[in-house]
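Novice: Please read through the structure below; I'll follow up with questions.
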Amino acid sequence: IFGPGDLNRMFERIVGESDEGEDAVVPKSDVNILSRPTHPRGYSEKDDEPTDYLLGPWVVTLDNFLTHEECDRLIKLGSMRGYERSVLEEEKDYDEEELAREKNSEDAYRTSQNTWCQDECYEDPVVQRIIAKLGNATGIPDTNAEYLQLLSYVPGQYYKEHHDINGDDFYQFSGPRMITFFLYLSDVEEGGATRLTDLKGDDSHSLFLDVQPKKGMALIWPSVLNENPMMMDERTYHEALTVKKGRKYGANAWFYLRTYKGNDCDINALDAIGQKYGEEESEDDIYSSETDLHDEL
């Protein structure tokens, strides 16, 4: 759904620096630009004025994106479905003993709990209203999004540094996760910030950004590059810092390059094609070849 340059256009529309598309209406939220790839049009370095943003990937917050009623409903729906300890991709093949050992380890990578807003949760009228808001803000249809992941952190829980893209995503029909749209459903008394850990993308961690939870606020960042949405943006690794006091509730909305929900792709055929392109082409060629891959499907 996105080609080169479209990611920047989406963020420019969200922050009010370009005309809104006919089919996408930006919610009337208070916009805060925390990081952006370039200075806005009209900026002159000769002015030598300090900026209130960093130069890096797009990182934007929208205050009051959700109402308190919408936040409370998502929290209640998550409790009704039942929060469980989050399982990492590499843990899915663990047996019960290995999972228990990882869960109780002081070095556990992720200790938060989550559930997925599917079935009756997805059909809830308040959830449908939230999904419509997300689509209006991004201009991306719900078919390109995962079901909302509902999160819960109690004091002592965290999620260490990670990226929202898995390497295999590039060879799935849906393509990679392009955008993370994180929704804060509660305030947190102490701790629990979201940290963008390496905005330079050079492993130095010399430039980072902390965003403190605020009920109703949305935090948005890209996982892919504007110039090539089939390439991971190394600058958007992040972590959920330890909650020290209070409880943190949140929700992840992830948007993909192509249809995620309800696609009827033959996965076996896709795997074969993905292996073919993975063997024959370099990483730099992935974007150009992904169009051919789509045609073969």
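Residues in the structure tokens are numbered from 1 in each chain, the chains being A, B, ... in the order shown, and ligands are numbered from 1 in the order shown.
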Env of region 164-171 of chain A: 7 Å cut, atoms = only C-alpha atoms, seq-sep filter 5 positions within chain, self excluded. Answer as a list of chain:residue names.
Specialist: A:Pro176, A:Arg177, A:Ser223, A:Met230, A:Gly274
Novice: Using DSSP assignments from the backbone, pull out every residue in region 38-263 of chain A that falls under strand (DSSP E) and give it to me as number ranges by chain.
Specialist: A: 54-55, 59-63, 84-85, 113-116, 149-153, 159-162, 177-184, 190-191, 194-196, 209-211, 218-222, 238-240, 243-245, 248-256
Novice: Using only C-alpha atoms, which protein or nucleic acid residues come within 7 Å of Val59 (chain A)? Drop anything in the same chain fewer than 6 positions from it, and give the result as a ChimeraX atom specification.
Specialist: /A:33-36,220-221
Novice: With N, CA, C and O atoms retained, write the just-selected residues as a CSV table (one decimal), in the first residue's frame.
Specialist:
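After the write, out-v9.csv holds the following:
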```csv
chain,number,residue,atom,x,y,z
A,33,ILE,N,5.8,16.7,17.8
A,33,ILE,CA,6.8,16.1,17.0
A,33,ILE,C,8.1,15.9,17.8
A,33,ILE,O,8.7,16.9,18.2
A,34,LEU,N,8.4,14.7,18.2
A,34,LEU,CA,9.6,14.5,19.0
A,34,LEU,C,10.8,14.3,18.2
A,34,LEU,O,11.9,14.6,18.7
A,35,SER,N,10.7,13.7,17.0
A,35,SER,CA,11.8,13.5,16.1
A,35,SER,C,11.3,13.5,14.7
A,35,SER,O,10.1,13.1,14.5
A,36,ARG,N,12.1,13.9,13.8
A,36,ARG,CA,11.7,14.0,12.4
A,36,ARG,C,13.0,13.9,11.5
A,36,ARG,O,14.1,14.3,11.9
A,220,ILE,N,3.6,7.2,17.7
A,220,ILE,CA,3.7,6.7,16.4
A,220,ILE,C,5.1,6.7,15.9
A,220,ILE,O,5.8,7.7,16.0
A,221,TRP,N,5.6,5.6,15.3
A,221,TRP,CA,6.9,5.6,14.7
A,221,TRP,C,6.9,4.6,13.6
A,221,TRP,O,6.1,3.6,13.5
```
Novice: Hey, what's within 12 Å of Arg129 (chain A) if we count only C-alpha atoms and toss same-chain stuff fewer than 4 positions away? As JSON, numbers by chain, please?
Specialist: {"A": [65, 66, 67, 69, 70, 71, 73, 74, 122, 123, 124, 125, 133, 134, 135, 136, 142]}
Novice: Could you pull out all residues of region 5-205 of chain A with a DSSP call of helix (DSSP H, G or I) and give them as a PyMOL selection string?
Specialist: chain A and resi 6-14+45-47+68-81+89-91+96-104+120-123+125-138+142-144+167-171
